[in-house]
$ cat final34.cif   # mmCIF, C-alpha atoms
data_model
#
loop_
_atom_site.label_atom_id
_atom_site.label_comp_id
_atom_site.auth_asym_id
_atom_site.auth_seq_id
_atom_site.Cartn_x
_atom_site.Cartn_y
_atom_site.Cartn_z
CA MET A 1 45.20 -86.89 18.07
CA LEU A 2 46.57 -89.27 15.48
CA GLY A 3 45.47 -92.83 16.15
CA ALA A 4 42.92 -91.84 18.82
CA PRO A 5 39.91 -94.18 19.20
CA PRO A 6 36.81 -93.12 17.19
CA LEU A 7 34.80 -92.81 20.40
CA LEU A 8 37.29 -90.30 21.79
CA LEU A 9 37.27 -88.30 18.57
CA ALA A 10 33.48 -88.23 18.61
CA ALA A 11 33.48 -87.07 22.25
CA VAL A 12 35.96 -84.27 21.48
CA SER A 13 33.94 -83.16 18.45
CA LEU A 14 30.75 -83.15 20.49
CA GLY A 15 32.45 -81.13 23.22
CA LEU A 16 33.75 -78.56 20.76
CA GLY A 17 30.33 -78.33 19.14
CA LEU A 18 28.70 -77.75 22.52
CA LEU A 19 31.26 -75.06 23.35
CA VAL A 20 30.57 -73.25 20.08
CA PHE A 21 26.84 -73.53 20.78
CA LEU A 22 27.17 -72.03 24.27
CA LEU A 23 29.44 -69.22 23.12
CA SER A 24 27.06 -68.40 20.27
CA LEU A 25 24.09 -68.45 22.64
CA ARG A 26 25.88 -66.07 25.01
CA ARG A 27 26.77 -63.63 22.24
CA TRP A 28 23.68 -63.65 20.02
CA GLY A 29 20.84 -65.28 21.94
CA TRP A 30 18.18 -67.64 20.68
CA ALA A 31 17.17 -65.47 17.74
CA MET A 32 20.52 -65.75 15.98
CA LEU A 33 20.78 -69.45 16.78
CA HIS A 34 17.35 -69.94 15.25
CA ILE A 35 18.49 -68.11 12.13
CA PHE A 36 21.76 -70.07 12.09
CA CYS A 37 19.85 -73.37 12.14
CA LEU A 38 17.56 -72.18 9.36
CA GLU A 39 20.29 -70.77 7.12
CA PHE A 40 23.13 -73.24 7.57
CA MET A 41 21.45 -76.52 8.50
CA LEU A 42 17.94 -76.70 7.07
CA GLN A 43 18.32 -74.34 4.09
CA PRO A 44 21.00 -76.36 2.23
CA ILE A 45 18.85 -79.48 2.53
CA TYR A 46 15.77 -77.65 1.27
CA ASN A 47 17.75 -76.14 -1.61
CA LEU A 48 18.97 -79.59 -2.59
CA VAL A 49 15.44 -80.98 -2.57
CA MET A 50 14.00 -78.02 -4.51
CA GLY A 51 16.87 -77.78 -6.99
CA ASP A 52 17.29 -74.02 -6.57
CA THR A 53 18.15 -71.44 -3.90
CA LYS A 54 16.00 -69.41 -1.55
CA GLU A 55 17.02 -66.22 -3.35
CA GLN A 56 15.89 -67.67 -6.68
CA ARG A 57 12.58 -68.67 -5.11
CA ILE A 58 12.10 -65.12 -3.79
CA LEU A 59 12.73 -63.66 -7.24
CA ARG A 60 10.39 -66.12 -8.91
CA TYR A 61 7.66 -65.40 -6.35
CA VAL A 62 7.99 -61.68 -7.06
CA GLN A 63 7.82 -62.25 -10.80
CA GLN A 64 4.69 -64.35 -10.37
CA HIS A 65 2.82 -62.26 -7.79
CA ALA A 66 4.03 -58.63 -7.89
CA LYS A 67 3.02 -55.98 -10.40
CA ARG A 68 5.79 -55.24 -12.90
CA GLY A 69 6.99 -51.64 -12.76
CA ASP A 70 5.50 -51.09 -9.28
CA PRO A 71 8.28 -50.90 -6.64
CA GLN A 72 5.86 -50.93 -3.70
CA SER A 73 4.23 -54.08 -5.03
CA VAL A 74 7.68 -55.69 -5.27
CA LEU A 75 8.49 -54.76 -1.66
CA ASP A 76 5.13 -55.98 -0.36
CA THR A 77 5.55 -59.29 -2.19
CA ILE A 78 9.04 -59.86 -0.81
CA ASP A 79 7.76 -59.06 2.69
CA THR A 80 4.91 -61.55 2.26
CA TYR A 81 7.24 -64.32 1.11
CA SER A 82 9.84 -63.69 3.82
CA SER A 83 7.32 -63.47 6.65
CA GLN A 84 5.08 -66.36 5.59
CA LYS A 85 7.25 -68.80 3.63
CA GLU A 86 11.02 -68.51 4.18
CA TRP A 87 12.82 -66.09 6.48
CA ALA A 88 15.30 -63.90 4.59
CA MET A 89 17.72 -61.16 5.59
CA HIS A 90 16.05 -58.18 3.90
CA VAL A 91 15.77 -55.03 5.96
CA GLY A 92 12.01 -55.66 6.11
CA ASP A 93 9.02 -53.35 6.36
CA LYS A 94 9.44 -52.14 9.97
CA LYS A 95 13.02 -50.93 9.59
CA GLY A 96 12.24 -50.10 5.98
CA ARG A 97 9.84 -47.38 7.10
CA ILE A 98 12.68 -45.82 9.10
CA MET A 99 14.84 -45.90 5.96
CA ASP A 100 12.04 -44.20 4.03
CA THR A 101 11.90 -41.40 6.60
CA VAL A 102 15.66 -40.82 6.39
CA ILE A 103 15.64 -40.77 2.57
CA GLN A 104 12.69 -38.37 2.51
CA GLU A 105 14.27 -36.08 5.10
CA TYR A 106 17.73 -35.75 3.55
CA LYS A 107 16.81 -36.18 -0.16
CA PRO A 108 20.21 -37.59 -1.20
CA SER A 109 21.43 -37.24 -4.78
CA LEU A 110 24.02 -40.01 -4.47
CA VAL A 111 23.62 -43.03 -2.20
CA LEU A 112 26.05 -45.88 -1.63
CA GLU A 113 24.68 -49.20 -0.42
CA LEU A 114 27.02 -51.82 1.02
CA GLY A 115 25.36 -55.22 0.66
CA ALA A 116 22.53 -55.68 -1.85
CA TYR A 117 21.43 -59.29 -1.18
CA CYS A 118 18.24 -59.67 -3.30
CA GLY A 119 17.72 -55.97 -3.97
CA TYR A 120 15.02 -55.24 -1.38
CA SER A 121 16.73 -52.21 0.15
CA ALA A 122 17.93 -51.02 -3.27
CA VAL A 123 14.32 -51.02 -4.50
CA ARG A 124 13.20 -49.38 -1.27
CA MET A 125 15.69 -46.51 -1.55
CA ALA A 126 15.67 -46.06 -5.32
CA ARG A 127 11.89 -45.66 -5.46
CA LEU A 128 12.18 -42.53 -3.28
CA LEU A 129 15.15 -40.88 -5.01
CA LYS A 130 14.45 -37.59 -6.72
CA PRO A 131 14.86 -37.33 -10.53
CA GLY A 132 18.53 -37.47 -11.52
CA ALA A 133 19.63 -39.04 -8.22
CA ARG A 134 21.37 -42.39 -8.26
CA LEU A 135 22.24 -45.34 -6.08
CA ILE A 136 25.45 -47.38 -6.22
CA THR A 137 25.16 -50.76 -4.54
CA MET A 138 28.06 -53.13 -3.83
CA GLU A 139 27.46 -56.87 -3.53
CA MET A 140 30.22 -59.43 -3.09
CA ASN A 141 28.15 -62.46 -4.14
CA PRO A 142 27.67 -62.53 -7.95
CA ASP A 143 24.54 -64.69 -7.65
CA PHE A 144 22.92 -62.17 -5.31
CA ALA A 145 24.01 -59.34 -7.60
CA ALA A 146 22.31 -61.03 -10.57
CA ILE A 147 19.08 -61.41 -8.59
CA THR A 148 19.29 -57.77 -7.48
CA GLN A 149 19.61 -56.69 -11.11
CA GLN A 150 16.53 -58.68 -12.09
CA MET A 151 14.60 -57.38 -9.09
CA LEU A 152 15.43 -53.77 -9.97
CA SER A 153 14.50 -54.34 -13.62
CA PHE A 154 11.17 -55.88 -12.62
CA ALA A 155 10.48 -52.87 -10.38
CA GLY A 156 11.39 -50.48 -13.21
CA LEU A 157 14.30 -48.92 -11.31
CA GLN A 158 17.28 -50.30 -13.23
CA ASP A 159 18.25 -46.89 -14.63
CA LYS A 160 18.68 -45.41 -11.13
CA VAL A 161 21.00 -48.09 -9.74
CA THR A 162 24.54 -49.22 -10.54
CA ILE A 163 25.59 -52.63 -9.18
CA LEU A 164 29.26 -53.27 -8.43
CA ILE A 165 30.22 -56.91 -7.85
CA GLY A 166 33.04 -57.69 -5.46
CA PRO A 167 34.36 -56.80 -2.00
CA SER A 168 33.52 -53.30 -0.78
CA GLN A 169 37.14 -52.65 0.20
CA ASP A 170 38.14 -53.14 -3.45
CA HIS A 171 35.47 -50.87 -4.93
CA ILE A 172 35.42 -47.99 -2.45
CA PRO A 173 38.89 -46.65 -3.42
CA GLN A 174 37.84 -46.70 -7.09
CA LEU A 175 34.62 -44.69 -6.73
CA LYS A 176 36.15 -41.32 -7.56
CA GLN A 177 38.17 -42.30 -10.62
CA GLN A 178 36.06 -45.07 -12.11
CA HIS A 179 32.52 -44.00 -11.19
CA GLY A 180 32.66 -40.21 -11.13
CA VAL A 181 31.93 -39.86 -7.43
CA ASP A 182 33.00 -36.70 -5.65
CA THR A 183 31.41 -37.21 -2.24
CA LEU A 184 28.47 -39.28 -1.03
CA ASP A 185 25.24 -37.89 0.38
CA MET A 186 24.25 -41.11 2.13
CA VAL A 187 25.69 -44.56 2.86
CA PHE A 188 23.54 -47.54 3.84
CA LEU A 189 25.57 -50.26 5.57
CA ASP A 190 24.02 -53.72 5.47
CA HIS A 191 26.84 -56.11 4.54
CA TRP A 192 29.20 -58.09 6.79
CA LYS A 193 28.95 -56.46 10.21
CA ASP A 194 32.70 -56.72 10.82
CA ARG A 195 33.19 -54.55 7.71
CA TYR A 196 31.09 -51.64 9.04
CA LEU A 197 33.98 -49.94 10.82
CA PRO A 198 36.78 -50.70 8.31
CA ASP A 199 34.64 -49.47 5.43
CA THR A 200 33.61 -46.33 7.33
CA LEU A 201 37.28 -45.58 7.93
CA LEU A 202 38.04 -46.32 4.26
CA LEU A 203 35.28 -43.98 3.07
CA GLU A 204 36.72 -41.24 5.24
CA GLU A 205 40.28 -41.96 4.11
CA CYS A 206 39.25 -41.81 0.45
CA GLY A 207 37.58 -38.42 0.91
CA LEU A 208 34.11 -39.75 0.09
CA LEU A 209 32.41 -38.30 3.16
CA ARG A 210 31.49 -34.62 3.32
CA GLU A 211 29.98 -32.53 6.06
CA GLY A 212 26.39 -33.76 6.28
CA THR A 213 26.90 -37.23 4.76
CA VAL A 214 24.42 -39.60 6.41
CA LEU A 215 25.53 -43.10 7.41
CA LEU A 216 22.65 -45.47 8.16
CA ALA A 217 23.65 -48.88 9.54
CA ASP A 218 21.32 -51.87 9.85
CA ASN A 219 21.48 -54.75 12.37
CA VAL A 220 23.55 -52.85 14.91
CA ILE A 221 21.95 -54.88 17.73
CA ILE A 222 21.54 -58.30 16.10
CA PRO A 223 23.95 -59.65 15.03
CA GLY A 224 25.50 -56.36 16.14
CA ALA A 225 28.32 -54.02 15.14
CA PRO A 226 29.86 -52.98 18.47
CA GLU A 227 33.15 -51.65 17.07
CA PHE A 228 31.31 -49.46 14.56
CA LEU A 229 28.92 -48.15 17.22
CA ALA A 230 31.75 -47.35 19.62
CA TYR A 231 33.64 -45.49 16.90
CA VAL A 232 30.84 -43.27 15.64
CA ARG A 233 29.31 -42.60 19.06
CA GLU A 234 32.61 -41.62 20.66
CA ASN A 235 33.92 -39.67 17.67
CA LYS A 236 33.23 -35.94 17.57
CA SER A 237 33.16 -36.16 13.77
CA PHE A 238 29.77 -37.91 13.94
CA GLU A 239 26.38 -37.00 15.34
CA CYS A 240 24.45 -40.19 16.09
CA THR A 241 20.82 -41.18 16.46
CA HIS A 242 19.64 -44.70 17.31
CA TYR A 243 16.34 -46.03 15.96
CA ARG A 244 14.94 -48.94 17.92
CA SER A 245 13.10 -51.51 15.84
CA TYR A 246 12.84 -55.25 15.31
CA LEU A 247 14.86 -57.85 13.47
CA GLU A 248 13.41 -58.46 10.04
CA TYR A 249 10.30 -60.66 10.18
CA MET A 250 10.90 -61.57 13.85
CA ASN A 251 9.69 -60.15 17.16
CA VAL A 252 13.27 -59.59 18.37
CA GLU A 253 14.72 -56.17 19.17
CA ASP A 254 17.17 -54.74 16.65
CA GLY A 255 17.98 -51.24 15.52
CA LEU A 256 19.42 -48.84 12.97
CA GLU A 257 22.11 -46.28 13.74
CA LYS A 258 22.23 -42.95 11.90
CA ALA A 259 25.59 -41.20 12.03
CA ILE A 260 25.87 -37.79 10.35
CA TYR A 261 29.42 -36.86 9.39
CA LYS A 262 30.35 -33.41 10.68
CA GLY A 263 33.82 -33.24 9.14
CA LYS A 264 37.21 -34.59 10.11
CA GLY A 265 38.69 -33.38 13.39
CA GLN A 266 35.58 -31.62 14.69
CA ALA A 267 35.94 -30.19 18.16
#
$ encode --input "final34.cif" --output "structure tokens"
Amino acid sequence: MLGAPPLLLAAVSLGLGLLVFLLSLRRWGWAMLHIFCLEFMLQPIYNLVMGDTKEQRILRYVQQHAKRGDPQSVLDTIDTYSSQKEWAMHVGDKKGRIMDTVIQEYKPSLVLELGAYCGYSAVRMARLLKPGARLITMEMNPDFAAITQQMLSFAGLQDKVTILIGPSQDHIPQLKQQHGVDTLDMVFLDHWKDRYLPDTLLLEECGLLREGTVLLADNVIIPGAPEFLAYVRENKSFECTHYRSYLEYMNVEDGLEKAIYKGKGQA
């Protein structure tokens, strides 16, 4: 539209923006649009005014208000901040209690987490691991990884957790040779939702899943992971259980999906 009048360009831009808005509303509903406005419109302005990031503010609040060396105090403090001050994409206390139940039931010795963010779920899982068990967490954002490391250290759990920085698809094939992994007891998926299925397939391809490996996936309703859900629910190699819950710090329905690997090519 080279040489088009400014008014026409503005009208086209407005139309495209409205189309994106309507498509987003149809797919995700008001909850995700609310989060989108907070995260991508208001948050950058607030960060500019404050001179730091939300994640840095969460860490600082924990350091100022939580009890050092007490993982539960760290979790409670993060929940308080994220429910009362600034919404954040931690798994939260409601779905966190479901995670606790799964960890306590299966007692994994080796857990892989995909997506660390600020370390909330890493703290939540690591605090329940039995002696000698370990957690490997992968985080693509180096700033989030640094905050996760500080959060784990403050909680006194740094010796139980290894943080790998970079895309999950780069690290997963290296787990056996570079990190001494044979197979995984549990995988917690909480990164980009469109990576849930590709990374599940990659884990299987790399021989990292064994009979009984537990996959636990967050946010399978909002924002949703339909391809992943279709794959594990229709695949005889997985036995699935859905846990209804609520989106972190909001009264909006969400859920976790547990998929237990039964072995490749199960009848």
$ residues_around --input "final34.cif" --residues "Cys240 in chain A" --least-positions-apart "3" --cutoff "8 Å" --atoms "all atoms listed in the file" --output "ChimeraX atom specification"
/A:232-233,257-260
$ axis_aligned_box --input "final34.cif" --around "range 131-134 of chain A" --padding-each-side "3 Å" --output "JSON"
{"center_x": 18.1, "center_y": -39.9, "center_z": -9.9, "size_x": 12.5, "size_y": 11.1, "size_z": 9.3}
$ resolve_selection --input "final34.cif" --expression "the PyMOL selection byres ((chain A and resi 225) around 12)" --output "ChimeraX atom specification"
/A:28,189-198,217-224,226-232,254-257
$ resolve_selection --input "final34.cif" --expression "the PyMOL selection byres ((chain A and resi 153) around 12)" --output "PDB file with C-alpha atoms, in the coordinates of the input"
ATOM      1  CA  LEU A  59      12.730 -63.660  -7.240  1.00  0.00           C
ATOM      2  CA  VAL A  62       7.990 -61.680  -7.060  1.00  0.00           C
ATOM      3  CA  GLN A  63       7.820 -62.250 -10.800  1.00  0.00           C
ATOM      4  CA  ARG A  68       5.790 -55.240 -12.900  1.00  0.00           C
ATOM      5  CA  GLY A  69       6.990 -51.640 -12.760  1.00  0.00           C
ATOM      6  CA  ASP A  70       5.500 -51.090  -9.280  1.00  0.00           C
ATOM      7  CA  PRO A  71       8.280 -50.900  -6.640  1.00  0.00           C
ATOM      8  CA  VAL A  74       7.680 -55.690  -5.270  1.00  0.00           C
ATOM      9  CA  GLY A 119      17.720 -55.970  -3.970  1.00  0.00           C
ATOM     10  CA  ALA A 122      17.930 -51.020  -3.270  1.00  0.00           C
ATOM     11  CA  VAL A 123      14.320 -51.020  -4.500  1.00  0.00           C
ATOM     12  CA  ALA A 126      15.670 -46.060  -5.320  1.00  0.00           C
ATOM     13  CA  ALA A 146      22.310 -61.030 -10.570  1.00  0.00           C
ATOM     14  CA  ILE A 147      19.080 -61.410  -8.590  1.00  0.00           C
ATOM     15  CA  THR A 148      19.290 -57.770  -7.480  1.00  0.00           C
ATOM     16  CA  GLN A 149      19.610 -56.690 -11.110  1.00  0.00           C
ATOM     17  CA  GLN A 150      16.530 -58.680 -12.090  1.00  0.00           C
ATOM     18  CA  MET A 151      14.600 -57.380  -9.090  1.00  0.00           C
ATOM     19  CA  LEU A 152      15.430 -53.770  -9.970  1.00  0.00           C
ATOM     20  CA  PHE A 154      11.170 -55.880 -12.620  1.00  0.00           C
ATOM     21  CA  ALA A 155      10.480 -52.870 -10.380  1.00  0.00           C
ATOM     22  CA  GLY A 156      11.390 -50.480 -13.210  1.00  0.00           C
ATOM     23  CA  LEU A 157      14.300 -48.920 -11.310  1.00  0.00           C
ATOM     24  CA  GLN A 158      17.280 -50.300 -13.230  1.00  0.00           C
ATOM     25  CA  ASP A 159      18.250 -46.890 -14.630  1.00  0.00           C
ATOM     26  CA  LYS A 160      18.680 -45.410 -11.130  1.00  0.00           C
ATOM     27  CA  VAL A 161      21.000 -48.090  -9.740  1.00  0.00           C
ATOM     28  CA  THR A 162      24.540 -49.220 -10.540  1.00  0.00           C
TER      29      THR A 162
END
$ atom_distance --input "final34.cif" --atom1 "CA of Leu208 in chain A" --atom2 "CA of Asp185 in chain A"
9.1 Å
$ closest_residue --input "final34.cif" --among "A:Cys118, A:Ile163, A:Ser168, A:Lys262" --to "Glu211 in chain A" --atoms "all atoms listed in the file"
A:Lys262
$ atom_distance --input "final34.cif" --atom1 "CA of Val181 in chain A" --atom2 "CA of Leu135 in chain A"
11.2 Å
$ atom_distance --input "final34.cif" --atom1 "CA of Gln43 in chain A" --atom2 "CA of Glu86 in chain A"
9.3 Å
$ resolve_selection --input "final34.cif" --expression "the PyMOL selection byres ((chain A and resi 93) around 10)" --output "ChimeraX atom specification"
/A:75-76,78-79,90-92,94-100,120-121,124,246,248-249
$ write_last_selection --input "final34.cif" --atoms "C-alpha atoms" --output "mmCIF file, in the coordinates of the input"
data_model
loop_
_atom_site.group_PDB
_atom_site.id
_atom_site.type_symbol
_atom_site.label_atom_id
_atom_site.label_comp_id
_atom_site.auth_asym_id
_atom_site.auth_seq_id
_atom_site.Cartn_x
_atom_site.Cartn_y
_atom_site.Cartn_z
ATOM 1 C CA LEU A 75 8.490 -54.760 -1.660
ATOM 2 C CA ASP A 76 5.130 -55.980 -0.360
ATOM 3 C CA ILE A 78 9.040 -59.860 -0.810
ATOM 4 C CA ASP A 79 7.760 -59.060 2.690
ATOM 5 C CA HIS A 90 16.050 -58.180 3.900
ATOM 6 C CA VAL A 91 15.770 -55.030 5.960
ATOM 7 C CA GLY A 92 12.010 -55.660 6.110
ATOM 8 C CA LYS A 94 9.440 -52.140 9.970
ATOM 9 C CA LYS A 95 13.020 -50.930 9.590
ATOM 10 C CA GLY A 96 12.240 -50.100 5.980
ATOM 11 C CA ARG A 97 9.840 -47.380 7.100
ATOM 12 C CA ILE A 98 12.680 -45.820 9.100
ATOM 13 C CA MET A 99 14.840 -45.900 5.960
ATOM 14 C CA ASP A 100 12.040 -44.200 4.030
ATOM 15 C CA TYR A 120 15.020 -55.240 -1.380
ATOM 16 C CA SER A 121 16.730 -52.210 0.150
ATOM 17 C CA ARG A 124 13.200 -49.380 -1.270
ATOM 18 C CA TYR A 246 12.840 -55.250 15.310
ATOM 19 C CA GLU A 248 13.410 -58.460 10.040
ATOM 20 C CA TYR A 249 10.300 -60.660 10.180
#
$ closest_residue --input "final34.cif" --among "A:His65, A:Arg244, A:Lys107, A:Lys236" --to "Pro131 in chain A" --atoms "all atoms listed in the file"
A:Lys107
